[in-house]
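Colleague: Sharing input_13.cif (mmCIF, C-alpha atoms) below.
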```cif
data_input
#
loop_
_atom_site.label_atom_id
_atom_site.label_comp_id
_atom_site.auth_asym_id
_atom_site.auth_seq_id
_atom_site.Cartn_x
_atom_site.Cartn_y
_atom_site.Cartn_z
CA MET K 1 43.87 -10.79 -60.62
CA THR K 2 45.60 -9.45 -57.48
CA GLU K 3 47.22 -11.53 -54.82
CA THR K 4 46.79 -11.03 -51.12
CA ARG K 5 49.06 -12.26 -48.39
CA THR K 6 47.38 -13.98 -45.47
CA CYS K 7 48.52 -15.49 -42.22
CA GLU K 8 47.79 -19.07 -41.18
CA PHE K 9 49.19 -21.35 -38.48
CA ASP K 10 50.61 -24.82 -39.04
CA HIS K 11 50.22 -27.87 -36.81
CA ASN K 12 52.93 -26.50 -34.46
CA ASN K 13 50.94 -23.27 -34.05
CA ASN K 14 53.59 -21.30 -35.97
CA PRO K 15 52.45 -18.65 -38.45
CA LYS K 16 53.04 -19.45 -42.10
CA LYS K 17 52.60 -17.39 -45.20
CA ASN K 18 50.62 -18.30 -48.23
CA THR K 19 48.80 -16.48 -50.92
CA ARG K 20 45.25 -16.57 -51.99
CA SER K 21 43.38 -14.73 -54.63
CA THR K 22 40.73 -12.23 -53.74
CA GLU K 23 38.18 -14.45 -55.42
CA GLU K 24 38.97 -17.22 -52.94
CA LEU K 25 38.78 -14.81 -50.00
CA LYS K 26 35.21 -13.80 -50.38
CA ASP K 27 32.79 -13.62 -47.50
CA GLY K 28 30.31 -16.47 -47.79
CA PHE K 29 27.50 -14.21 -46.61
CA SER K 30 28.03 -10.93 -48.43
CA GLY K 31 30.28 -12.04 -51.31
CA LEU K 32 32.71 -9.22 -50.47
CA PRO K 33 36.46 -9.79 -50.09
CA TYR K 34 37.81 -10.46 -46.64
CA SER K 35 40.34 -8.12 -45.11
CA GLU K 36 43.94 -8.70 -45.96
CA VAL K 37 44.68 -10.79 -42.88
CA GLU K 38 42.77 -13.70 -41.34
CA ASP K 39 42.78 -14.83 -37.76
CA GLY K 40 44.65 -18.14 -37.60
CA LEU K 41 42.36 -19.54 -34.96
CA SER K 42 38.93 -18.82 -36.36
CA ARG K 43 39.85 -17.83 -39.96
CA LEU K 44 37.94 -14.60 -39.37
CA PRO K 45 39.32 -11.30 -40.57
CA CYS K 46 42.16 -10.10 -38.40
CA PHE K 47 42.89 -6.39 -38.16
CA GLY K 48 46.29 -6.90 -36.53
CA VAL K 49 49.50 -4.94 -37.06
CA GLU K 50 52.64 -6.39 -38.68
CA ASP K 51 56.08 -6.08 -37.17
CA ASP K 52 59.28 -5.28 -39.14
CA LYS K 53 59.52 -8.86 -40.41
CA GLY K 54 55.96 -8.95 -41.66
CA GLU K 55 54.69 -11.08 -38.75
CA ILE K 56 51.39 -10.41 -36.97
CA LEU K 57 51.75 -8.90 -33.52
CA GLU K 58 49.82 -10.74 -30.80
CA ASP K 59 48.42 -9.69 -27.46
CA GLU K 60 50.70 -11.09 -24.75
CA PHE K 61 47.74 -11.96 -22.54
CA SER K 62 45.32 -13.65 -24.92
CA GLY K 63 47.51 -14.58 -27.88
CA LEU K 64 45.06 -12.81 -30.17
CA PRO K 65 46.12 -10.23 -32.73
CA CYS K 66 46.70 -6.83 -31.19
CA SER K 67 45.02 -3.78 -32.65
CA GLY K 68 48.16 -1.77 -32.20
CA VAL K 69 46.94 0.54 -29.44
CA GLU K 70 47.08 -0.43 -25.77
CA ASP K 71 45.00 0.83 -22.90
CA GLY K 72 47.21 2.89 -20.62
CA LEU K 73 45.69 1.37 -17.49
CA CYS K 74 45.99 -2.38 -17.96
CA GLY K 75 47.92 -2.89 -21.25
CA LEU K 76 44.92 -4.49 -22.94
CA PRO K 77 43.97 -3.58 -26.47
CA CYS K 78 41.98 -0.37 -26.65
CA PHE K 79 39.48 -0.15 -29.47
CA GLY K 80 38.89 3.58 -29.15
CA VAL K 81 38.54 6.01 -32.00
CA GLU K 82 41.40 8.25 -33.00
CA ASP K 83 40.93 11.98 -33.14
CA ASP K 84 42.49 14.36 -35.66
CA LYS K 85 45.79 14.40 -33.79
CA GLY K 86 46.07 10.62 -33.58
CA GLY K 87 44.98 10.42 -29.93
CA ILE K 88 42.45 7.89 -28.69
CA LEU K 89 39.03 9.32 -27.85
CA GLU K 90 37.41 8.08 -24.66
CA ASP K 91 34.42 5.77 -24.90
CA GLY K 92 30.87 6.97 -24.27
CA PHE K 93 30.59 5.45 -20.79
CA ALA K 94 33.59 7.29 -19.40
CA GLU K 95 32.41 10.53 -20.97
CA LYS K 96 28.96 10.13 -19.42
CA GLY K 97 30.50 9.40 -16.03
CA LYS K 98 32.58 12.56 -16.18
CA LYS K 99 29.54 14.56 -17.25
CA LYS K 100 27.52 13.26 -14.30
CA ARG K 101 30.34 14.12 -11.91
CA ARG K 102 30.48 17.64 -13.34
CA ILE K 103 26.72 18.04 -12.93
CA CYS K 104 26.86 16.78 -9.33
CA GLU K 105 29.69 19.15 -8.54
CA MET K 106 27.79 22.07 -10.07
CA GLY K 107 24.67 21.11 -8.12
CA ARG K 108 26.63 20.94 -4.88
CA LEU K 109 28.05 24.40 -5.44
CA ASN K 110 24.54 25.72 -6.16
CA ASP K 111 23.07 24.13 -3.00
CA PRO K 112 21.97 26.93 -0.64
CA LEU K 113 22.95 24.78 2.34
CA VAL K 114 26.55 24.62 1.05
CA VAL K 115 26.67 28.26 0.00
CA LEU K 116 24.95 29.86 3.02
CA GLY K 117 25.75 27.41 5.80
CA SER K 118 23.53 25.66 8.33
CA ASP K 119 22.99 28.63 10.66
CA ILE K 120 21.59 30.91 7.97
CA MET K 121 19.51 28.09 6.49
CA LEU K 122 18.05 27.45 9.94
CA MET K 123 16.95 31.08 10.13
CA ILE K 124 15.43 30.93 6.64
CA LEU K 125 13.49 27.72 7.27
CA SER K 126 12.15 29.11 10.53
CA CYS K 127 10.33 31.78 8.51
CA LEU K 128 8.54 29.24 6.29
CA ASP K 129 5.21 27.57 6.97
CA ALA K 130 5.10 24.01 8.26
CA ARG K 131 4.22 22.46 4.90
CA SER K 132 7.18 24.11 3.16
CA VAL K 133 9.57 23.01 5.91
CA ALA K 134 8.20 19.47 5.64
CA LEU K 135 8.95 19.46 1.89
CA CYS K 136 12.54 20.51 2.65
CA LEU K 137 12.95 17.23 4.54
CA LEU K 138 12.89 15.42 1.18
CA VAL K 139 15.72 17.36 -0.50
CA SER K 140 18.74 15.54 0.94
CA CYS K 141 20.19 14.16 4.16
CA GLY K 142 21.83 17.50 4.89
CA TRP K 143 18.59 19.41 4.41
CA ARG K 144 16.72 16.89 6.56
CA GLY K 145 19.16 17.43 9.40
CA ILE K 146 18.41 21.18 9.35
CA ALA K 147 14.68 21.00 8.56
CA SER K 148 13.98 18.53 11.40
CA SER K 149 15.54 20.72 14.08
CA ASP K 150 13.54 21.22 17.28
CA LYS K 151 14.31 24.94 17.03
CA ILE K 152 12.06 25.09 13.96
CA TRP K 153 9.30 22.71 15.00
CA SER K 154 8.87 24.06 18.53
CA SER K 155 7.40 27.24 17.07
CA LYS K 156 5.42 25.26 14.47
CA CYS K 157 3.81 23.21 17.25
CA GLU K 158 2.83 26.39 19.10
CA GLU K 159 1.24 27.75 15.92
CA LEU K 160 -0.64 24.48 15.38
CA TRP K 161 -1.98 24.34 18.95
CA GLN K 162 -3.03 27.99 19.06
CA GLY K 163 -6.82 28.26 19.33
CA LYS K 164 -7.34 24.49 19.81
CA THR K 165 -9.81 23.44 22.48
CA HIS K 166 -8.01 20.18 23.33
CA LEU K 167 -4.38 19.14 23.11
CA PRO K 168 -3.56 15.46 22.59
CA ARG K 169 -1.84 13.54 25.33
CA ILE K 170 0.94 12.61 22.91
CA ALA K 171 1.85 16.32 22.71
CA LYS K 172 2.94 16.28 26.34
CA VAL K 173 5.53 13.51 25.93
CA ASN K 174 8.98 15.02 26.49
CA ASP K 175 11.11 12.31 24.86
CA LEU K 176 9.74 12.86 21.34
CA SER K 177 11.17 15.25 18.79
CA LYS K 178 9.07 18.31 18.00
CA LEU K 179 8.69 17.13 14.40
CA ALA K 180 7.19 13.85 15.64
CA VAL K 181 4.93 15.72 18.08
CA TYR K 182 3.67 17.96 15.27
CA SER K 183 2.94 15.02 12.97
CA LEU K 184 1.17 13.01 15.70
CA SER K 185 -0.91 16.06 16.66
CA ILE K 186 -2.15 16.35 13.07
CA MET K 187 -3.07 12.66 13.08
CA ASP K 188 -4.83 13.00 16.44
CA GLY K 189 -7.01 15.79 15.05
CA LYS K 190 -8.40 13.42 12.38
CA ARG K 191 -9.09 10.24 14.35
CA ARG K 192 -12.39 8.80 15.61
CA ILE K 193 -13.61 9.31 19.16
CA ARG K 194 -12.41 6.98 21.89
CA LYS K 195 -13.67 6.21 25.37
CA GLU K 196 -10.80 8.29 26.82
CA ASP K 197 -12.16 11.34 25.00
CA LEU K 198 -15.53 10.95 26.66
CA TYR K 199 -14.33 10.81 30.26
CA ASP K 200 -11.37 13.22 29.82
CA HIS K 201 -13.70 16.13 28.97
CA VAL K 202 -16.63 17.87 30.58
CA TRP K 203 -19.62 18.12 28.23
CA GLU K 204 -22.27 20.79 27.76
CA PHE K 205 -25.74 19.40 27.14
CA HIS K 206 -28.89 20.92 25.61
CA PHE K 207 -31.99 19.75 23.81
CA THR K 208 -32.61 20.46 20.15
CA GLU K 209 -35.63 22.16 18.71
CA ALA K 210 -37.10 18.78 17.81
CA ALA K 211 -37.30 17.77 21.48
CA PRO K 212 -40.65 18.02 23.35
CA GLU K 213 -41.47 21.52 24.57
CA TYR K 214 -41.70 20.38 28.18
CA TRP K 215 -38.04 19.32 28.13
CA ARG K 216 -36.95 22.48 26.39
CA MET K 217 -38.64 24.68 29.01
CA LEU K 218 -36.53 22.96 31.69
CA ASP K 219 -33.33 23.48 29.72
CA PRO K 220 -31.39 26.70 30.57
CA TYR K 221 -30.14 26.75 26.96
CA TRP K 222 -33.75 27.54 25.88
CA ASN K 223 -35.21 29.43 28.81
CA GLY K 224 -32.08 31.56 29.48
CA THR K 225 -32.02 30.98 33.24
CA GLY K 226 -28.33 30.06 33.56
CA ARG K 227 -25.33 28.39 31.98
CA PRO K 228 -25.85 25.25 29.90
CA LEU K 229 -26.28 21.91 31.65
CA ARG K 230 -23.26 19.67 32.04
CA ARG K 231 -22.77 15.95 31.71
CA TYR K 232 -19.90 13.76 32.91
CA PHE K 233 -18.81 10.45 31.39
CA LEU K 234 -16.98 8.19 33.83
CA PRO K 235 -14.32 5.53 33.05
CA ASP K 236 -16.59 2.75 34.33
CA GLY K 237 -19.08 3.40 31.51
CA SER K 238 -21.62 5.40 33.51
CA GLN K 239 -22.81 8.99 33.09
CA THR K 240 -23.71 11.56 35.75
CA ALA K 241 -24.87 15.18 36.02
CA GLU K 242 -24.76 17.98 38.59
CA PRO K 243 -26.97 17.64 41.68
CA ASP K 244 -29.23 20.60 40.80
CA ASP K 245 -29.92 19.32 37.28
CA LYS K 246 -33.72 19.14 37.04
CA ILE K 247 -33.71 17.20 33.79
CA TRP K 248 -31.32 14.54 35.04
CA GLY K 249 -33.43 13.61 38.01
CA GLY K 250 -30.80 11.25 39.49
CA HIS K 251 -31.58 8.31 37.24
CA GLU K 252 -28.88 5.85 36.23
CA SER K 253 -27.30 6.13 32.81
CA CYS K 254 -24.62 4.22 30.93
CA TYR K 255 -22.85 4.76 27.61
CA SER K 256 -20.88 2.82 25.01
CA ILE K 257 -19.12 3.47 21.70
CA VAL K 258 -20.35 1.39 18.79
CA THR K 259 -18.30 0.84 15.63
CA SER K 260 -19.57 -1.45 12.87
CA VAL K 261 -17.15 -2.57 10.17
CA LEU K 262 -17.90 -4.02 6.74
CA ALA K 263 -16.21 -7.12 5.34
CA ASP K 264 -13.76 -4.99 3.33
CA GLY K 265 -12.63 -3.13 6.46
CA LYS K 266 -14.57 0.11 5.84
CA ILE K 267 -16.41 1.75 8.73
CA ARG K 268 -20.18 1.51 8.24
CA ALA K 269 -21.23 3.32 11.41
CA HIS K 270 -19.53 4.92 14.40
CA TYR K 271 -21.61 6.44 17.17
CA VAL K 272 -22.13 6.79 20.93
CA ARG K 273 -25.06 5.02 22.59
CA ILE K 274 -26.50 6.42 25.87
CA ASN K 275 -29.04 4.12 27.50
CA ARG K 276 -31.74 3.38 24.96
CA TRP K 277 -31.68 6.78 23.32
CA PRO K 278 -31.22 6.99 19.54
CA PRO K 279 -27.58 6.76 18.38
CA MET K 280 -25.53 9.90 18.85
CA TYR K 281 -23.22 10.55 15.91
CA VAL K 282 -19.80 12.11 16.41
CA THR K 283 -18.35 15.20 14.73
CA ARG K 284 -14.79 16.54 15.11
CA LYS K 285 -14.52 20.31 14.68
CA GLU K 286 -11.62 22.28 13.20
CA ASP K 287 -10.60 23.43 16.68
CA TRP K 288 -10.35 19.73 17.68
CA SER K 289 -13.46 19.88 19.85
CA TRP K 290 -16.03 17.06 19.85
CA GLU K 291 -19.75 17.13 19.25
CA ILE K 292 -22.11 14.17 19.62
CA SER K 293 -25.77 14.61 18.76
CA ASN K 294 -29.02 13.08 17.57
CA ASN K 295 -32.41 14.56 16.75
CA PHE K 296 -33.25 15.34 20.40
CA CYS K 297 -30.07 16.51 22.14
CA THR K 298 -26.48 17.66 21.62
CA TYR K 299 -23.26 17.26 23.64
CA ARG K 300 -20.28 19.59 23.12
CA SER K 301 -16.89 19.17 24.80
CA ILE K 302 -15.78 22.11 26.94
CA PRO K 303 -12.31 23.51 26.04
CA ASP K 304 -9.53 22.26 28.32
CA ALA K 305 -6.32 22.93 26.41
CA ASP K 306 -4.64 23.92 29.69
CA LYS K 307 -4.74 20.36 31.04
CA LYS K 308 -1.26 19.41 32.18
CA ASP K 309 -1.20 15.91 30.71
CA GLY K 310 -3.39 16.55 27.67
CA THR K 311 -6.47 14.53 26.75
CA GLY K 312 -7.40 11.48 24.73
CA PRO K 313 -5.52 8.20 24.25
CA LEU K 314 -1.72 8.06 24.36
CA PHE K 315 -1.49 5.63 21.44
CA LEU K 316 -3.28 6.73 18.30
CA LEU K 317 -5.83 4.50 16.61
CA HIS K 318 -8.00 5.46 13.64
#
```
For this file, produce the structure as structure tokens.
Modeller:
Amino acid sequence: MTETRTCEFDHNNNPKKNTRSTEELKDGFSGLPYSEVEDGLSRLPCFGVEDDKGEILEDEFSGLPCSGVEDGLCGLPCFGVEDDKGGILEDGFAEKGKKKRRICEMGRLNDPLVVLGSDIMLMILSCLDARSVALCLLVSCGWRGIASSDKIWSSKCEELWQGKTHLPRIAKVNDLSKLAVYSLSIMDGKRRIRKEDLYDHVWEFHFTEAAPEYWRMLDPYWNGTGRPLRRYFLPDGSQTAEPDDKIWGGHESCYSIVTSVLADGKIRAHYVRINRWPPMYVTRKEDWSWEISNNFCTYRSIPDADKKDGTGPLFLLH
């Protein structure tokens, strides 16, 4: 039977030596022998290092046995793993941090904005379509600063407005950035009709084929005697026509916009009502023009993109 030297502390907290057999120093859970040295406080295995006199070295901060290797930063025990040359390998967290920093540095050096500079990137982005430039806004703060430049979006706004019959009033506001103007113009092209849209535009009027023949014979759209009839919506809710309009006849007319909403907030119906005529449903064309119609007649807005202040409401509502 072999003897093993262990370290225990007396009532004065001084280490003392005694001997125990390996049979006595068995782990109560696994039945395997403990390590050669026990911790005097908890009687758990202690993997400390002995000094020249055979005493156990302790950590000067905690009083616990020292593993023999200190961290070079704070002097605390370092439980790293030694390499082949006896050096301490860094832990996994530090290695991952360095790896991330290397990846970030490589990504920064591969960033076209860093490599080419802002002036060249501005020229490149100016050649892209609006959707691609908008996606560049999401890359980084640096990219957003270039991709949101008014130099880029001024031309994009001109491309968007080209061929449009009406320009929104919001497009004429000078204090907004061109990126904001472009985005609000897209939103304006998808909204529902408002009262401002009715009285801001002049409307062409004609009967449909389903209308009575007598009315159609008075309509220049069908008999080819002149330009289409025109109708005018006024801000006070009334409607008028030109003095020589034979169909109008000088009678009074009023209009309103009706929107019915379901309990869940969805729009059930949205139409224009003129006098007691059947509801006139609204259509927005790709060129941003308006059309309101029913089975008997149709109204189409006349292009007026050259209006100085634009048309429609200033504040957008769906």
Colleague: Given only C-alpha atoms as the basis, pick out the residue of K:Phe315, K:Phe207, K:Tyr214, K:Trp288 nearest to Gly163 of chain K.
Modeller: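 Selected residue with least distance to Gly163 of chain K: K:Trp288.
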Colleague: Suppose a student applies the PyMOL selection byres ((chain K and resi 245-257) around 7) to this structure; what residues should they get, written as a list in words?
Modeller: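 When the PyMOL selection byres ((chain K and resi 245-257) around 7) is applied to the shown file, the picked residues are Leu218, Gly237, Ser238, Gln239, Ala241, Glu242, Pro243, Asp244, Val258, Thr259, Tyr271, Val272, Arg273, Ile274 and Asn275 of chain K.
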Colleague: Selected by the PyMOL selection byres ((chain K and resi 293) around 12) in the shown coordinates: which residues, as a PyMOL selection string?
Modeller: chain K and resi 203-208+271-274+277-284+290-292+294-301
Colleague: For Pro313 of chain K, find every residue with an atom within 10 Å (counting all atoms listed in the file), except residues of its own chain fewer than 3 positions away, and show them as number ranges by chain.
Modeller: K: 168-170, 188, 193-197, 200, 310, 316-317
Colleague: Hey, what's within 8 Å of Lys164 of chain K if we count all atoms listed in the file and toss same-chain stuff fewer than 4 positions away? As JSON, numbers by chain, please?
Modeller: {"K": [287, 288, 289, 305]}
Colleague: Could you tell me how far atom CA of Arg131 of chain K sits from atom CA of Val114 of chain K, in Å to one decimal place?
Modeller: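 For atom CA of Val114 of chain K relative to atom CA of Arg131 of chain K, the distance reads 22.8 Å.
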Colleague: So which residues touch Leu122 of chain K within 10 Å, counting only C-alpha atoms, skipping near sequence neighbours fewer than 6 positions away, as a PyMOL selection string?
Modeller: chain K and resi 113+143+146-149+151-152
Colleague: Take the residues from that selection and put them in a file with C-alpha atoms, as a compact mmCIF listing (two decimals), in the frame of the given file.
Modeller:
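File written: out.txt
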```txt
# COMPACT_ATOMS: atom_id res chain seq x y z
CA LEU K 113 22.95 24.78 2.34
CA TRP K 143 18.59 19.41 4.41
CA ILE K 146 18.41 21.18 9.35
CA ALA K 147 14.68 21.00 8.56
CA SER K 148 13.98 18.53 11.40
CA SER K 149 15.54 20.72 14.08
CA LYS K 151 14.31 24.94 17.03
CA ILE K 152 12.06 25.09 13.96
```
Colleague: Name the residues that the PyMOL selection byres ((chain K and resi 129) around 12) pulls out of this structure, and write them as a PyMOL selection string.
Modeller: chain K and resi 124-128+130-136+147+152-153+155-157+159-160
Colleague: Smallest atom-to-atom distance to Leu198 of chain K: which of K:Lys285, K:Lys307, K:Ala210, K:Asp236, using all atoms listed in the file?
Modeller: K:Asp236
Colleague: Quick one, how far is atom CA of Ser177 of chain K from atom CA of Asp150 of chain K?
Modeller: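 Interatomic distance here is 6.6 Å.
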Colleague: Can you work out the spacing between atom CA of Ser154 of chain K and atom CA of Lys178 of chain K in Å, to one decimal?
Modeller: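 Straight-line distance from atom CA of Ser154 of chain K to atom CA of Lys178 of chain K works out to 5.8 Å.
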Colleague: In terms of the shortest atom-to-atom distance over only C-alpha atoms, which of K:Pro303, K:Leu176, K:Leu167, K:Arg216 is closest to Leu229 of chain K?
Modeller: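 Distance minimum relative to Leu229 of chain K lands on K:Arg216.
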Colleague: Go through K:Pro235, K:Leu314, K:Gln162, K:Val115 one by one, measure the shortest atom-to-atom distance of each to Leu184 of chain K using all atoms listed in the file, and give the residue with the smallest value.
Modeller: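 Of all the options, K:Leu314 lies closest to Leu184 of chain K.
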Colleague: Export segment 210-227 of chain K from the structure block above, keeping N, CA, C and O atoms, as a short mmCIF file (atom, residue, chain, number, x, y, z; two decimals), in the first residue's frame.
Modeller:
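Saved the output as decode-v4.cif:
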```
data_model
loop_
_atom_site.label_atom_id
_atom_site.label_comp_id
_atom_site.auth_asym_id
_atom_site.auth_seq_id
_atom_site.Cartn_x
_atom_site.Cartn_y
_atom_site.Cartn_z
N ALA K 210 -74.22 52.45 -72.67
CA ALA K 210 -75.45 52.02 -72.00
C ALA K 210 -76.43 53.15 -71.76
O ALA K 210 -77.58 52.91 -71.38
N ALA K 211 -76.01 54.40 -71.97
CA ALA K 211 -76.89 55.54 -71.76
C ALA K 211 -77.96 55.60 -72.85
O ALA K 211 -77.77 55.08 -73.96
N PRO K 212 -79.08 56.26 -72.60
CA PRO K 212 -80.12 56.41 -73.64
C PRO K 212 -79.58 57.09 -74.90
O PRO K 212 -78.70 57.95 -74.83
N GLU K 213 -80.10 56.69 -76.03
CA GLU K 213 -79.60 57.20 -77.32
C GLU K 213 -79.80 58.70 -77.44
O GLU K 213 -78.96 59.39 -78.03
N TYR K 214 -80.85 59.22 -76.88
CA TYR K 214 -81.11 60.66 -76.95
C TYR K 214 -79.96 61.43 -76.32
O TYR K 214 -79.50 62.45 -76.87
N TRP K 215 -79.48 60.99 -75.18
CA TRP K 215 -78.36 61.66 -74.51
C TRP K 215 -77.07 61.51 -75.32
O TRP K 215 -76.30 62.45 -75.42
N ARG K 216 -76.88 60.36 -75.87
CA ARG K 216 -75.64 60.13 -76.63
C ARG K 216 -75.60 60.99 -77.88
O ARG K 216 -74.53 61.43 -78.31
N MET K 217 -76.73 61.25 -78.51
CA MET K 217 -76.75 62.09 -79.71
C MET K 217 -76.45 63.56 -79.39
O MET K 217 -76.02 64.31 -80.28
N LEU K 218 -76.63 63.96 -78.13
CA LEU K 218 -76.27 65.32 -77.73
C LEU K 218 -74.82 65.43 -77.27
O LEU K 218 -74.31 66.54 -77.09
N ASP K 219 -74.17 64.32 -77.13
CA ASP K 219 -72.80 64.27 -76.59
C ASP K 219 -71.80 64.34 -77.74
O ASP K 219 -71.80 63.48 -78.64
N PRO K 220 -70.90 65.37 -77.75
CA PRO K 220 -69.90 65.47 -78.83
C PRO K 220 -68.98 64.24 -78.89
O PRO K 220 -68.41 63.97 -79.95
N TYR K 221 -68.82 63.55 -77.80
CA TYR K 221 -67.98 62.33 -77.79
C TYR K 221 -68.55 61.29 -78.75
O TYR K 221 -67.78 60.54 -79.37
N TRP K 222 -69.90 61.26 -78.93
CA TRP K 222 -70.54 60.28 -79.80
C TRP K 222 -70.88 60.85 -81.18
O TRP K 222 -70.77 60.12 -82.18
N ASN K 223 -71.27 62.08 -81.25
CA ASN K 223 -71.65 62.61 -82.56
C ASN K 223 -70.50 63.28 -83.31
O ASN K 223 -70.65 63.66 -84.48
N GLY K 224 -69.34 63.48 -82.63
CA GLY K 224 -68.15 64.00 -83.30
C GLY K 224 -68.26 65.45 -83.70
O GLY K 224 -67.60 65.89 -84.66
N THR K 225 -69.02 66.26 -82.99
CA THR K 225 -69.20 67.67 -83.35
C THR K 225 -68.22 68.61 -82.66
O THR K 225 -68.25 69.81 -82.91
N GLY K 226 -67.37 68.13 -81.78
CA GLY K 226 -66.45 69.02 -81.08
C GLY K 226 -65.68 68.25 -80.00
O GLY K 226 -65.71 67.01 -79.92
N ARG K 227 -64.98 69.02 -79.18
CA ARG K 227 -64.21 68.39 -78.10
C ARG K 227 -65.15 67.87 -77.03
O ARG K 227 -66.31 68.31 -76.93
#
```
